[in-house]
file final_37.tsv (TSV, C-alpha atoms)
chain	number	residue	atom	x	y	z
A	1	MET	CA	15.67	8.98	-33.65
A	2	ALA	CA	14.79	9.65	-30.06
A	3	ALA	CA	15.24	6.81	-27.63
A	4	VAL	CA	11.99	5.33	-26.39
A	5	VAL	CA	11.58	6.36	-22.78
A	6	ARG	CA	9.92	3.72	-20.68
A	7	PRO	CA	9.04	3.99	-17.02
A	8	ARG	CA	10.95	1.96	-14.46
A	9	GLU	CA	9.94	-1.71	-14.37
A	10	CYS	CA	8.59	-2.28	-10.94
A	11	SER	CA	6.46	-4.65	-8.88
A	12	ILE	CA	5.06	-1.70	-6.93
A	13	ALA	CA	3.63	-0.19	-10.11
A	14	ASP	CA	2.35	-3.60	-11.20
A	15	THR	CA	0.61	-4.16	-7.86
A	16	LEU	CA	-0.88	-0.67	-7.90
A	17	GLU	CA	-2.21	-1.35	-11.37
A	18	LEU	CA	-4.27	-4.09	-9.78
A	19	VAL	CA	-5.12	-2.83	-6.30
A	20	GLY	CA	-4.20	0.85	-6.51
A	21	ARG	CA	-7.78	1.87	-6.86
A	22	ARG	CA	-9.09	2.93	-3.51
A	23	TRP	CA	-12.12	0.67	-3.46
A	24	ALA	CA	-10.18	-2.44	-4.38
A	25	LEU	CA	-8.01	-2.31	-1.27
A	26	LEU	CA	-10.94	-1.31	0.92
A	27	ALA	CA	-12.87	-4.32	-0.36
A	28	VAL	CA	-9.89	-6.50	0.58
A	29	ARG	CA	-9.92	-4.82	3.99
A	30	GLU	CA	-13.56	-5.80	4.52
A	31	LEU	CA	-12.91	-9.39	3.46
A	32	SER	CA	-10.02	-9.52	5.92
A	33	HIS	CA	-12.51	-8.51	8.64
A	34	GLY	CA	-14.76	-11.40	7.61
A	35	VAL	CA	-17.29	-9.12	5.92
A	36	ARG	CA	-18.10	-11.14	2.80
A	37	ARG	CA	-21.44	-10.01	1.43
A	38	PHE	CA	-21.81	-7.37	-1.20
A	39	ASP	CA	-24.29	-5.13	0.63
A	40	ARG	CA	-22.19	-5.01	3.76
A	41	ILE	CA	-19.00	-4.31	1.81
A	42	VAL	CA	-20.84	-1.43	0.13
A	43	ARG	CA	-21.97	-0.12	3.49
A	44	ASN	CA	-18.61	-0.42	5.23
A	45	THR	CA	-16.52	1.06	2.43
A	46	GLY	CA	-18.87	3.72	1.11
A	47	ALA	CA	-18.20	2.52	-2.46
A	48	SER	CA	-20.95	2.80	-5.03
A	49	ARG	CA	-22.48	-0.54	-6.02
A	50	ASP	CA	-21.36	-0.15	-9.63
A	51	VAL	CA	-17.75	0.60	-8.77
A	52	LEU	CA	-17.57	-2.15	-6.18
A	53	THR	CA	-18.98	-4.67	-8.67
A	54	LEU	CA	-16.23	-3.77	-11.11
A	55	ARG	CA	-13.46	-3.88	-8.51
A	56	LEU	CA	-14.59	-7.25	-7.14
A	57	ARG	CA	-14.66	-8.67	-10.65
A	58	GLU	CA	-11.12	-7.42	-11.29
A	59	LEU	CA	-9.96	-8.88	-7.99
A	60	GLU	CA	-11.59	-12.19	-8.89
A	61	ASP	CA	-9.94	-12.20	-12.33
A	62	ALA	CA	-6.61	-11.50	-10.66
A	63	GLY	CA	-6.95	-14.41	-8.26
A	64	VAL	CA	-7.19	-12.22	-5.17
A	65	VAL	CA	-10.84	-12.92	-4.44
A	66	ARG	CA	-12.96	-16.03	-4.80
A	67	ARG	CA	-16.75	-15.88	-5.19
A	68	GLU	CA	-19.02	-18.47	-3.60
A	69	ARG	CA	-22.75	-18.83	-4.05
A	70	TYR	CA	-24.61	-18.93	-0.76
A	71	SER	CA	-28.17	-18.72	-2.04
A	72	ASP	CA	-29.71	-20.19	-5.19
A	73	HIS	CA	-33.06	-18.36	-5.20
A	74	PRO	CA	-32.21	-15.60	-5.71
A	75	PRO	CA	-28.59	-16.28	-6.65
A	76	ARG	CA	-26.37	-14.57	-4.08
A	77	TYR	CA	-22.65	-14.68	-3.57
A	78	GLU	CA	-20.11	-14.28	-0.83
A	79	TYR	CA	-16.57	-13.13	-1.45
A	80	HIS	CA	-13.50	-14.71	0.11
A	81	LEU	CA	-9.83	-13.84	0.02
A	82	THR	CA	-7.61	-16.36	-1.72
A	83	ALA	CA	-4.15	-17.06	-0.28
A	84	ALA	CA	-2.77	-14.33	-2.54
A	85	GLY	CA	-5.50	-11.98	-1.36
A	86	TRP	CA	-4.72	-12.73	2.23
A	87	GLU	CA	-1.10	-11.75	1.62
A	88	LEU	CA	-2.34	-8.30	0.62
A	89	CYS	CA	-3.13	-7.78	4.30
A	90	ASP	CA	0.57	-6.99	4.70
A	91	VAL	CA	-0.02	-3.96	2.48
A	92	LEU	CA	-3.11	-3.03	4.48
A	93	LEU	CA	-1.23	-3.29	7.77
A	94	ALA	CA	1.56	-1.06	6.44
A	95	LEU	CA	-1.02	1.51	5.26
A	96	MET	CA	-2.83	1.32	8.60
A	97	ARG	CA	0.31	1.83	10.60
A	98	TRP	CA	1.29	4.89	8.58
A	99	GLY	CA	-2.18	6.41	8.91
A	100	ASP	CA	-2.32	5.64	12.62
A	101	ARG	CA	0.98	7.43	13.14
A	102	HIS	CA	0.60	10.38	10.82
A	103	LEU	CA	-3.10	11.00	10.29
A	104	ASN	CA	-4.80	9.65	13.41
A	105	ALA	CA	-2.02	9.80	15.98
A	106	ASP	CA	-4.28	11.13	18.72
A	107	ASP	CA	-6.87	8.40	18.34
A	108	PRO	CA	-6.30	5.50	15.91
A	109	PRO	CA	-9.69	4.12	14.80
A	110	LEU	CA	-8.83	0.45	15.15
A	111	ARG	CA	-6.84	-1.42	17.77
A	112	LEU	CA	-5.73	-4.88	16.78
A	113	VAL	CA	-4.42	-7.35	19.33
A	114	HIS	CA	-1.88	-9.92	18.22
A	115	THR	CA	-1.92	-13.55	19.31
A	116	CYS	CA	1.08	-12.75	21.51
A	117	GLY	CA	-1.30	-10.64	23.62
A	118	GLN	CA	0.22	-7.30	22.75
A	119	ARG	CA	-1.42	-4.56	20.74
A	120	LEU	CA	-0.38	-5.17	17.15
A	121	ASP	CA	2.19	-2.66	15.93
A	122	PRO	CA	3.12	-3.93	12.46
A	123	ALA	CA	6.79	-3.58	11.53
A	124	VAL	CA	8.35	-4.22	8.14
A	125	VAL	CA	11.59	-6.09	8.67
A	126	CYS	CA	14.17	-8.05	6.72
A	127	ALA	CA	13.05	-11.68	6.86
A	128	ALA	CA	16.68	-12.81	7.07
A	129	CYS	CA	17.96	-10.72	10.00
A	130	GLY	CA	14.80	-9.22	11.52
A	131	GLY	CA	16.20	-5.69	11.28
A	132	PRO	CA	14.16	-2.75	9.98
A	133	ALA	CA	13.79	-3.17	6.25
A	134	ARG	CA	13.51	0.33	4.87
A	135	ASP	CA	16.59	1.81	6.53
A	136	GLY	CA	18.76	-1.09	5.56
A	137	VAL	CA	18.70	-1.19	1.78
A	138	ARG	CA	22.32	-1.34	0.70
A	139	SER	CA	22.05	-1.83	-3.03
A	140	ALA	CA	19.58	-2.39	-5.82
A	141	SER	CA	20.04	-4.35	-9.01
A	142	GLY	CA	17.95	-5.79	-11.80
A	143	ARG	CA	16.10	-4.27	-14.73
A	144	GLY	CA	14.11	-2.05	-12.35
A	145	ALA	CA	17.31	-0.40	-11.10
A	146	LEU	CA	18.36	2.67	-13.06
A	147	PRO	CA	21.83	4.17	-13.47
A	148	ASP	CA	20.75	7.40	-11.77
A	149	ASP	CA	19.58	5.70	-8.58
A	150	TYR	CA	21.27	6.57	-5.30
B	1	MET	CA	-35.97	8.29	9.91
B	2	ALA	CA	-33.30	6.13	8.34
B	3	ALA	CA	-30.04	5.85	10.21
B	4	VAL	CA	-27.15	7.64	8.55
B	5	VAL	CA	-24.84	5.01	7.15
B	6	ARG	CA	-21.21	5.97	7.35
B	7	PRO	CA	-18.29	3.94	6.11
B	8	ARG	CA	-15.93	2.32	8.58
B	9	GLU	CA	-13.49	4.75	10.18
B	10	CYS	CA	-10.09	3.58	9.14
B	11	SER	CA	-6.47	4.66	8.86
B	12	ILE	CA	-6.12	2.60	5.69
B	13	ALA	CA	-8.82	4.66	3.98
B	14	ASP	CA	-7.30	7.87	5.33
B	15	THR	CA	-3.86	6.95	4.02
B	16	LEU	CA	-5.27	5.95	0.64
B	17	GLU	CA	-7.05	9.28	0.47
B	18	LEU	CA	-3.58	10.83	0.51
B	19	VAL	CA	-1.34	8.40	-1.34
B	20	GLY	CA	-3.83	6.07	-3.00
B	21	ARG	CA	-3.38	7.74	-6.32
B	22	ARG	CA	-0.97	5.70	-8.36
B	23	TRP	CA	1.41	8.55	-9.20
B	24	ALA	CA	1.71	9.72	-5.62
B	25	LEU	CA	3.19	6.44	-4.41
B	26	LEU	CA	5.36	6.09	-7.51
B	27	ALA	CA	6.76	9.58	-6.86
B	28	VAL	CA	7.57	8.49	-3.31
B	29	ARG	CA	9.23	5.41	-4.80
B	30	GLU	CA	11.48	7.57	-6.97
B	31	LEU	CA	12.43	9.80	-4.04
B	32	SER	CA	13.30	6.71	-2.04
B	33	HIS	CA	15.70	5.79	-4.87
B	34	GLY	CA	17.33	9.21	-4.59
B	35	VAL	CA	15.70	10.47	-7.79
B	36	ARG	CA	14.77	14.00	-6.74
B	37	ARG	CA	14.32	16.12	-9.84
B	38	PHE	CA	11.02	16.64	-11.55
B	39	ASP	CA	12.06	15.64	-15.06
B	40	ARG	CA	13.59	12.40	-13.90
B	41	ILE	CA	10.59	11.55	-11.75
B	42	VAL	CA	8.40	12.11	-14.81
B	43	ARG	CA	10.63	9.87	-16.88
B	44	ASN	CA	10.89	7.06	-14.34
B	45	THR	CA	7.21	6.94	-13.41
B	46	GLY	CA	5.60	7.68	-16.76
B	47	ALA	CA	3.32	10.25	-15.10
B	48	SER	CA	2.24	13.29	-17.07
B	49	ARG	CA	3.88	16.53	-15.95
B	50	ASP	CA	0.54	18.04	-14.95
B	51	VAL	CA	-0.54	15.12	-12.82
B	52	LEU	CA	2.87	14.80	-11.19
B	53	THR	CA	2.89	18.50	-10.34
B	54	LEU	CA	-0.45	18.09	-8.58
B	55	ARG	CA	0.57	14.96	-6.71
B	56	LEU	CA	3.87	16.46	-5.51
B	57	ARG	CA	2.03	19.53	-4.27
B	58	GLU	CA	-0.43	17.35	-2.34
B	59	LEU	CA	2.44	15.34	-0.87
B	60	GLU	CA	4.17	18.57	0.13
B	61	ASP	CA	1.00	19.89	1.76
B	62	ALA	CA	0.65	16.61	3.64
B	63	GLY	CA	4.18	16.79	4.99
B	64	VAL	CA	5.40	13.75	3.07
B	65	VAL	CA	7.65	15.66	0.68
B	66	ARG	CA	9.87	18.71	1.13
B	67	ARG	CA	10.85	20.95	-1.78
B	68	GLU	CA	14.29	22.54	-1.99
B	69	ARG	CA	15.50	25.07	-4.53
B	70	TYR	CA	18.73	24.01	-6.21
B	71	SER	CA	18.92	26.69	-8.91
B	72	ASP	CA	17.92	30.34	-8.76
B	73	HIS	CA	18.12	31.22	-12.47
B	74	PRO	CA	15.92	29.63	-13.57
B	75	PRO	CA	14.25	28.60	-10.30
B	76	ARG	CA	14.45	24.81	-10.00
B	77	TYR	CA	13.55	22.48	-7.18
B	78	GLU	CA	14.49	19.12	-5.84
B	79	TYR	CA	12.11	16.98	-3.83
B	80	HIS	CA	13.04	15.11	-0.67
B	81	LEU	CA	11.16	12.70	1.56
B	82	THR	CA	10.42	13.94	5.05
B	83	ALA	CA	10.64	11.49	7.95
B	84	ALA	CA	6.92	10.74	7.47
B	85	GLY	CA	7.54	10.25	3.75
B	86	TRP	CA	10.37	7.88	4.44
B	87	GLU	CA	8.06	5.77	6.60
B	88	LEU	CA	5.85	5.26	3.54
B	89	CYS	CA	8.63	3.05	2.21
B	90	ASP	CA	7.16	0.34	4.44
B	91	VAL	CA	4.03	0.49	2.27
B	92	LEU	CA	6.15	0.40	-0.89
B	93	LEU	CA	8.10	-2.63	0.34
B	94	ALA	CA	4.87	-4.46	1.14
B	95	LEU	CA	3.51	-3.65	-2.33
B	96	MET	CA	6.78	-4.71	-3.93
B	97	ARG	CA	6.86	-8.01	-2.12
B	98	TRP	CA	3.32	-8.84	-3.14
B	99	GLY	CA	3.98	-7.96	-6.78
B	100	ASP	CA	7.26	-9.87	-6.78
B	101	ARG	CA	5.48	-12.98	-5.52
B	102	HIS	CA	2.25	-12.82	-7.46
B	103	LEU	CA	2.84	-10.79	-10.60
B	104	ASN	CA	6.55	-11.16	-11.34
B	105	ALA	CA	7.42	-14.41	-9.63
B	106	ASP	CA	9.56	-15.66	-12.47
B	107	ASP	CA	11.70	-12.53	-12.63
B	108	PRO	CA	11.27	-9.74	-10.06
B	109	PRO	CA	12.39	-6.44	-11.61
B	110	LEU	CA	14.37	-5.20	-8.62
B	111	ARG	CA	16.65	-6.99	-6.21
B	112	LEU	CA	17.39	-5.15	-3.00
B	113	VAL	CA	20.19	-6.19	-0.70
B	114	HIS	CA	19.85	-5.51	3.01
B	115	THR	CA	22.69	-4.27	5.21
B	116	CYS	CA	22.81	-7.77	6.70
B	117	GLY	CA	24.11	-8.96	3.33
B	118	GLN	CA	21.05	-10.99	2.38
B	119	ARG	CA	18.65	-10.24	-0.40
B	120	LEU	CA	15.90	-8.16	1.17
B	121	ASP	CA	12.69	-10.11	1.62
B	122	PRO	CA	10.42	-7.71	3.53
B	123	ALA	CA	8.20	-9.31	6.17
B	124	VAL	CA	5.43	-7.63	8.13
B	125	VAL	CA	5.70	-8.76	11.74
B	126	CYS	CA	4.36	-7.88	15.16
B	127	ALA	CA	6.86	-5.43	16.65
B	128	ALA	CA	6.34	-6.96	20.10
B	129	CYS	CA	6.93	-10.65	19.39
B	130	GLY	CA	8.40	-10.71	15.88
B	131	GLY	CA	5.77	-13.20	14.67
B	132	PRO	CA	3.92	-12.79	11.37
B	133	ALA	CA	1.46	-9.93	11.76
B	134	ARG	CA	-1.40	-10.75	9.43
B	135	ASP	CA	-2.06	-14.29	10.62
B	136	GLY	CA	-1.99	-13.31	14.25
B	137	VAL	CA	-4.77	-10.78	14.67
B	138	ARG	CA	-6.80	-12.00	17.62
B	139	SER	CA	-9.26	-9.18	18.15
B	140	ALA	CA	-10.16	-5.71	16.96
B	141	SER	CA	-11.64	-2.86	18.93
B	142	GLY	CA	-12.20	0.86	18.57
B	143	ARG	CA	-14.58	2.95	16.53
B	144	GLY	CA	-13.26	1.33	13.33
B	145	ALA	CA	-14.38	-2.11	14.54
B	146	LEU	CA	-17.93	-3.04	13.56
B	147	PRO	CA	-20.31	-5.48	15.23
B	148	ASP	CA	-20.40	-7.68	12.14
B	149	ASP	CA	-16.64	-8.20	12.02
B	150	TYR	CA	-15.24	-11.70	12.41
call {"tool": "encode", "arguments": {"input": "final_37.tsv", "output": "structure tokens"}}
result
Amino acid sequence: MAAVVRPRECSIADTLELVGRRWALLAVRELSHGVRRFDRIVRNTGASRDVLTLRLRELEDAGVVRRERYSDHPPRYEYHLTAAGWELCDVLLALMRWGDRHLNADDPPLRLVHTCGQRLDPAVVCAACGGPARDGVRSASGRGALPDDY
Amino acid sequence: MAAVVRPRECSIADTLELVGRRWALLAVRELSHGVRRFDRIVRNTGASRDVLTLRLRELEDAGVVRRERYSDHPPRYEYHLTAAGWELCDVLLALMRWGDRHLNADDPPLRLVHTCGQRLDPAVVCAACGGPARDGVRSASGRGALPDDY
């Protein structure tokens, strides 16, 4: 009997399952900019209304987005990031940095200024030592590590 | 005449256009683990061969992946990350951290150890001051910033 082949267990895949659809992350991007109303999220992302409705519902079910009614007649809602949703901004910043460097190097569309006063250049570091994270992985273990790795 | 409505210009959207398809980022994940051969990437991601072929070709065209022949008869190729591809690992680490915290908090599938000896907990910081990036955005400007923001 052939062994059952299962893909690698992985939090990246799990996260992509939730937010890997283009419009989901772009909706989170708009919320992080303080754009909370459906029509404006549609306008700023270019998503269709149907697709955006679906994605926002999935994000709400996943605890990433919270819906608040701001008008009773007619009923209208605003969307807010939860704490978990706000943490997704780390993913957005990493995506933005890569695109700024490799796709829009001559003229990045958005300049963010950090509270320190400098232009924000997001870096992914090891929380323990502050060194660059990606170049410093020494070993991997756990059920998501496979014998063929490295 | 109605104004032409265009979505926000944005490096996040541009990057997602390239790597926002689930299998593209999971292929990059495998390459970052040193898994370079097509059959093993198929096995570890769970992608179909057809879809993975397409995604690897797009990644090659985009300069994220480089293909190298390792056998002449029959012709067989290995895939490697370019420098730009390697930088995408920042995105993967941010996705992994979010999934570890919010989807697999009780038992993260993969434990990475950093060269500093500590378990790698990736943090996205301001490269200038080292402070948390996402909580410290003070202002946004550029053609990707819209009047309604904030």
call {"tool": "residues_around", "arguments": {"input": "final_37.tsv", "residues": "Asn44 in chain A", "least_positions_apart": "2", "cutoff": "12 Å", "atoms": "all atoms listed in the file", "output": "MDAnalysis selection string"}}
result
(chainID A and resid 23 26:31 33:42 46:49 52) or (chainID B and resid 5:10 13 144:149)
call {"tool": "calpha_fit_and_write", "arguments": {"input": "final_37.tsv", "fixed": "chain A", "moving": "chain B", "output": "compact mmCIF listing (two decimals) with C-alpha atoms, keeping the file's coordinate frame"}}
result
# COMPACT_ATOMS: atom_id res chain seq x y z
CA MET B 1 15.89 8.95 -33.59
CA ALA B 2 14.93 9.64 -30.01
CA ALA B 3 15.32 6.79 -27.57
CA VAL B 4 12.04 5.33 -26.37
CA VAL B 5 11.60 6.36 -22.77
CA ARG B 6 9.91 3.73 -20.67
CA PRO B 7 9.04 4.00 -17.02
CA ARG B 8 10.94 1.97 -14.47
CA GLU B 9 9.93 -1.69 -14.38
CA CYS B 10 8.56 -2.27 -10.94
CA SER B 11 6.45 -4.65 -8.88
CA ILE B 12 5.07 -1.70 -6.93
CA ALA B 13 3.62 -0.20 -10.11
CA ASP B 14 2.33 -3.60 -11.19
CA THR B 15 0.61 -4.16 -7.86
CA LEU B 16 -0.89 -0.67 -7.90
CA GLU B 17 -2.20 -1.34 -11.38
CA LEU B 18 -4.27 -4.09 -9.77
CA VAL B 19 -5.14 -2.84 -6.30
CA GLY B 20 -4.22 0.84 -6.49
CA ARG B 21 -7.80 1.86 -6.86
CA ARG B 22 -9.09 2.93 -3.50
CA TRP B 23 -12.14 0.66 -3.46
CA ALA B 24 -10.19 -2.44 -4.38
CA LEU B 25 -8.01 -2.30 -1.28
CA LEU B 26 -10.94 -1.30 0.93
CA ALA B 27 -12.87 -4.33 -0.35
CA VAL B 28 -9.89 -6.50 0.58
CA ARG B 29 -9.92 -4.82 3.99
CA GLU B 30 -13.55 -5.79 4.52
CA LEU B 31 -12.91 -9.39 3.47
CA SER B 32 -10.02 -9.53 5.91
CA HIS B 33 -12.52 -8.52 8.63
CA GLY B 34 -14.77 -11.41 7.61
CA VAL B 35 -17.29 -9.11 5.92
CA ARG B 36 -18.10 -11.15 2.82
CA ARG B 37 -21.44 -10.01 1.45
CA PHE B 38 -21.82 -7.37 -1.19
CA ASP B 39 -24.29 -5.14 0.63
CA ARG B 40 -22.19 -5.02 3.75
CA ILE B 41 -19.02 -4.31 1.81
CA VAL B 42 -20.85 -1.43 0.13
CA ARG B 43 -21.98 -0.12 3.49
CA ASN B 44 -18.62 -0.43 5.22
CA THR B 45 -16.53 1.06 2.42
CA GLY B 46 -18.88 3.72 1.10
CA ALA B 47 -18.21 2.53 -2.47
CA SER B 48 -20.98 2.80 -5.03
CA ARG B 49 -22.50 -0.54 -6.01
CA ASP B 50 -21.37 -0.16 -9.62
CA VAL B 51 -17.78 0.60 -8.78
CA LEU B 52 -17.60 -2.16 -6.18
CA THR B 53 -19.00 -4.67 -8.66
CA LEU B 54 -16.24 -3.76 -11.10
CA ARG B 55 -13.48 -3.88 -8.52
CA LEU B 56 -14.59 -7.26 -7.13
CA ARG B 57 -14.67 -8.68 -10.64
CA GLU B 58 -11.14 -7.42 -11.30
CA LEU B 59 -9.96 -8.89 -8.00
CA GLU B 60 -11.60 -12.19 -8.89
CA ASP B 61 -9.95 -12.20 -12.32
CA ALA B 62 -6.61 -11.49 -10.67
CA GLY B 63 -6.96 -14.40 -8.27
CA VAL B 64 -7.18 -12.22 -5.17
CA VAL B 65 -10.84 -12.92 -4.45
CA ARG B 66 -12.98 -16.04 -4.80
CA ARG B 67 -16.76 -15.88 -5.19
CA GLU B 68 -19.03 -18.47 -3.60
CA ARG B 69 -22.77 -18.83 -4.04
CA TYR B 70 -24.62 -18.96 -0.74
CA SER B 71 -28.19 -18.73 -2.03
CA ASP B 72 -29.72 -20.21 -5.16
CA HIS B 73 -33.08 -18.38 -5.17
CA PRO B 74 -32.24 -15.62 -5.68
CA PRO B 75 -28.61 -16.28 -6.63
CA ARG B 76 -26.37 -14.58 -4.06
CA TYR B 77 -22.64 -14.68 -3.54
CA GLU B 78 -20.13 -14.28 -0.81
CA TYR B 79 -16.58 -13.14 -1.44
CA HIS B 80 -13.50 -14.71 0.12
CA LEU B 81 -9.82 -13.85 0.02
CA THR B 82 -7.60 -16.36 -1.73
CA ALA B 83 -4.15 -17.06 -0.30
CA ALA B 84 -2.76 -14.31 -2.56
CA GLY B 85 -5.52 -11.98 -1.37
CA TRP B 86 -4.72 -12.73 2.23
CA GLU B 87 -1.10 -11.75 1.61
CA LEU B 88 -2.33 -8.28 0.61
CA CYS B 89 -3.12 -7.78 4.29
CA ASP B 90 0.58 -6.98 4.69
CA VAL B 91 -0.01 -3.94 2.47
CA LEU B 92 -3.11 -3.01 4.47
CA LEU B 93 -1.22 -3.27 7.77
CA ALA B 94 1.55 -1.05 6.43
CA LEU B 95 -1.02 1.51 5.26
CA MET B 96 -2.83 1.32 8.59
CA ARG B 97 0.32 1.85 10.59
CA TRP B 98 1.28 4.89 8.57
CA GLY B 99 -2.18 6.42 8.90
CA ASP B 100 -2.32 5.63 12.61
CA ARG B 101 0.98 7.43 13.14
CA HIS B 102 0.60 10.38 10.82
CA LEU B 103 -3.10 11.01 10.30
CA ASN B 104 -4.79 9.65 13.42
CA ALA B 105 -2.03 9.78 15.99
CA ASP B 106 -4.26 11.11 18.72
CA ASP B 107 -6.87 8.38 18.33
CA PRO B 108 -6.31 5.48 15.91
CA PRO B 109 -9.69 4.12 14.79
CA LEU B 110 -8.83 0.45 15.15
CA ARG B 111 -6.85 -1.42 17.76
CA LEU B 112 -5.71 -4.88 16.78
CA VAL B 113 -4.41 -7.35 19.31
CA HIS B 114 -1.87 -9.93 18.20
CA THR B 115 -1.91 -13.57 19.30
CA CYS B 116 1.09 -12.75 21.49
CA GLY B 117 -1.27 -10.65 23.61
CA GLN B 118 0.23 -7.28 22.72
CA ARG B 119 -1.41 -4.56 20.73
CA LEU B 120 -0.38 -5.17 17.14
CA ASP B 121 2.19 -2.66 15.93
CA PRO B 122 3.13 -3.92 12.46
CA ALA B 123 6.80 -3.57 11.53
CA VAL B 124 8.36 -4.21 8.13
CA VAL B 125 11.60 -6.09 8.67
CA CYS B 126 14.18 -8.04 6.71
CA ALA B 127 13.06 -11.67 6.85
CA ALA B 128 16.69 -12.81 7.06
CA CYS B 129 17.97 -10.72 9.97
CA GLY B 130 14.82 -9.22 11.51
CA GLY B 131 16.22 -5.68 11.27
CA PRO B 132 14.18 -2.75 9.98
CA ALA B 133 13.79 -3.16 6.23
CA ARG B 134 13.51 0.35 4.86
CA ASP B 135 16.59 1.82 6.52
CA GLY B 136 18.77 -1.09 5.54
CA VAL B 137 18.70 -1.17 1.76
CA ARG B 138 22.32 -1.33 0.69
CA SER B 139 22.06 -1.81 -3.05
CA ALA B 140 19.58 -2.38 -5.84
CA SER B 141 20.04 -4.35 -9.02
CA GLY B 142 17.93 -5.78 -11.81
CA ARG B 143 16.10 -4.26 -14.73
CA GLY B 144 14.10 -2.05 -12.34
CA ALA B 145 17.31 -0.40 -11.09
CA LEU B 146 18.36 2.67 -13.06
CA PRO B 147 21.81 4.19 -13.45
CA ASP B 148 20.72 7.40 -11.76
CA ASP B 149 19.56 5.69 -8.57
CA TYR B 150 21.27 6.52 -5.29
call {"tool": "closest_residue", "arguments": {"input": "final_37.tsv", "among": "A:Ala123, A:Leu93, A:Val64, A:Ala133", "to": "Leu110 in chain A", "atoms": "all atoms listed in the file"}}
result
A:Leu93
call {"tool": "closest_residue", "arguments": {"input": "final_37.tsv", "among": "A:Arg43, A:Asp50, A:Arg67, A:Asp106", "to": "chain B", "atoms": "only C-alpha atoms"}}
result
A:Arg43
call {"tool": "residues_near_point", "arguments": {"input": "final_37.tsv", "point": "(-14.3, -14.8, -6.3)", "cutoff": "9 Å", "atoms": "all atoms listed in the file", "output": "list in words"}}
result
Leu56, Arg57, Leu59, Glu60, Asp61, Gly63, Val64, Val65, Arg66, Arg67, Glu68, Tyr77, Glu78, Tyr79, His80, Leu81 and Thr82 of chain A
call {"tool": "atom_distance", "arguments": {"input": "final_37.tsv", "atom1": "CA of Pro74 in chain A", "atom2": "CA of Leu54 in chain A"}}
result
20.6 Å
call {"tool": "atom_distance", "arguments": {"input": "final_37.tsv", "atom1": "CA of Ala94 in chain B", "atom2": "CA of Val91 in chain A"}}
result
5.1 Å
call {"tool": "atom_distance", "arguments": {"input": "final_37.tsv", "atom1": "CA of Gly130 in chain B", "atom2": "CA of Cys129 in chain A"}}
result
11.2 Å
call {"tool": "closest_residue", "arguments": {"input": "final_37.tsv", "among": "A:Tyr70, A:Gly85, A:Glu58, A:Asp121", "to": "chain B", "atoms": "only C-alpha atoms"}}
result
A:Asp121
call {"tool": "axis_aligned_box", "arguments": {"input": "final_37.tsv", "around": "range 73-76 of chain A", "padding_each_side": "6 Å", "output": "AutoDock Vina command-line options"}}
result
--center_x -29.7 --center_y -16.5 --center_z -5.4 --size_x 18.7 --size_y 15.8 --size_z 14.6
call {"tool": "residues_near_point", "arguments": {"input": "final_37.tsv", "point": "(0.6, 8.5, 9.8)", "cutoff": "12 Å", "atoms": "only C-alpha atoms", "output": "ChimeraX atom specification"}}
result
/A:94-108 /B:10-16,18-19,62-64,83-88,90-91
call {"tool": "write_last_selection", "arguments": {"input": "final_37.tsv", "atoms": "C-alpha atoms", "output": "PDB file, in the coordinates of the input"}}
result
ATOM      1  CA  ALA A  94       1.560  -1.060   6.440  1.00  0.00           C
ATOM      2  CA  LEU A  95      -1.020   1.510   5.260  1.00  0.00           C
ATOM      3  CA  MET A  96      -2.830   1.320   8.600  1.00  0.00           C
ATOM      4  CA  ARG A  97       0.310   1.830  10.600  1.00  0.00           C
ATOM      5  CA  TRP A  98       1.290   4.890   8.580  1.00  0.00           C
ATOM      6  CA  GLY A  99      -2.180   6.410   8.910  1.00  0.00           C
ATOM      7  CA  ASP A 100      -2.320   5.640  12.620  1.00  0.00           C
ATOM      8  CA  ARG A 101       0.980   7.430  13.140  1.00  0.00           C
ATOM      9  CA  HIS A 102       0.600  10.380  10.820  1.00  0.00           C
ATOM     10  CA  LEU A 103      -3.100  11.000  10.290  1.00  0.00           C
ATOM     11  CA  ASN A 104      -4.800   9.650  13.410  1.00  0.00           C
ATOM     12  CA  ALA A 105      -2.020   9.800  15.980  1.00  0.00           C
ATOM     13  CA  ASP A 106      -4.280  11.130  18.720  1.00  0.00           C
ATOM     14  CA  ASP A 107      -6.870   8.400  18.340  1.00  0.00           C
ATOM     15  CA  PRO A 108      -6.300   5.500  15.910  1.00  0.00           C
TER      16      PRO A 108
ATOM     17  CA  CYS B  10     -10.090   3.580   9.140  1.00  0.00           C
ATOM     18  CA  SER B  11      -6.470   4.660   8.860  1.00  0.00           C
ATOM     19  CA  ILE B  12      -6.120   2.600   5.690  1.00  0.00           C
ATOM     20  CA  ALA B  13      -8.820   4.660   3.980  1.00  0.00           C
ATOM     21  CA  ASP B  14      -7.300   7.870   5.330  1.00  0.00           C
ATOM     22  CA  THR B  15      -3.860   6.950   4.020  1.00  0.00           C
ATOM     23  CA  LEU B  16      -5.270   5.950   0.640  1.00  0.00           C
ATOM     24  CA  LEU B  18      -3.580  10.830   0.510  1.00  0.00           C
ATOM     25  CA  VAL B  19      -1.340   8.400  -1.340  1.00  0.00           C
ATOM     26  CA  ALA B  62       0.650  16.610   3.640  1.00  0.00           C
ATOM     27  CA  GLY B  63       4.180  16.790   4.990  1.00  0.00           C
ATOM     28  CA  VAL B  64       5.400  13.750   3.070  1.00  0.00           C
ATOM     29  CA  ALA B  83      10.640  11.490   7.950  1.00  0.00           C
ATOM     30  CA  ALA B  84       6.920  10.740   7.470  1.00  0.00           C
ATOM     31  CA  GLY B  85       7.540  10.250   3.750  1.00  0.00           C
ATOM     32  CA  TRP B  86      10.370   7.880   4.440  1.00  0.00           C
ATOM     33  CA  GLU B  87       8.060   5.770   6.600  1.00  0.00           C
ATOM     34  CA  LEU B  88       5.850   5.260   3.540  1.00  0.00           C
ATOM     35  CA  ASP B  90       7.160   0.340   4.440  1.00  0.00           C
ATOM     36  CA  VAL B  91       4.030   0.490   2.270  1.00  0.00           C
TER      37      VAL B  91
END
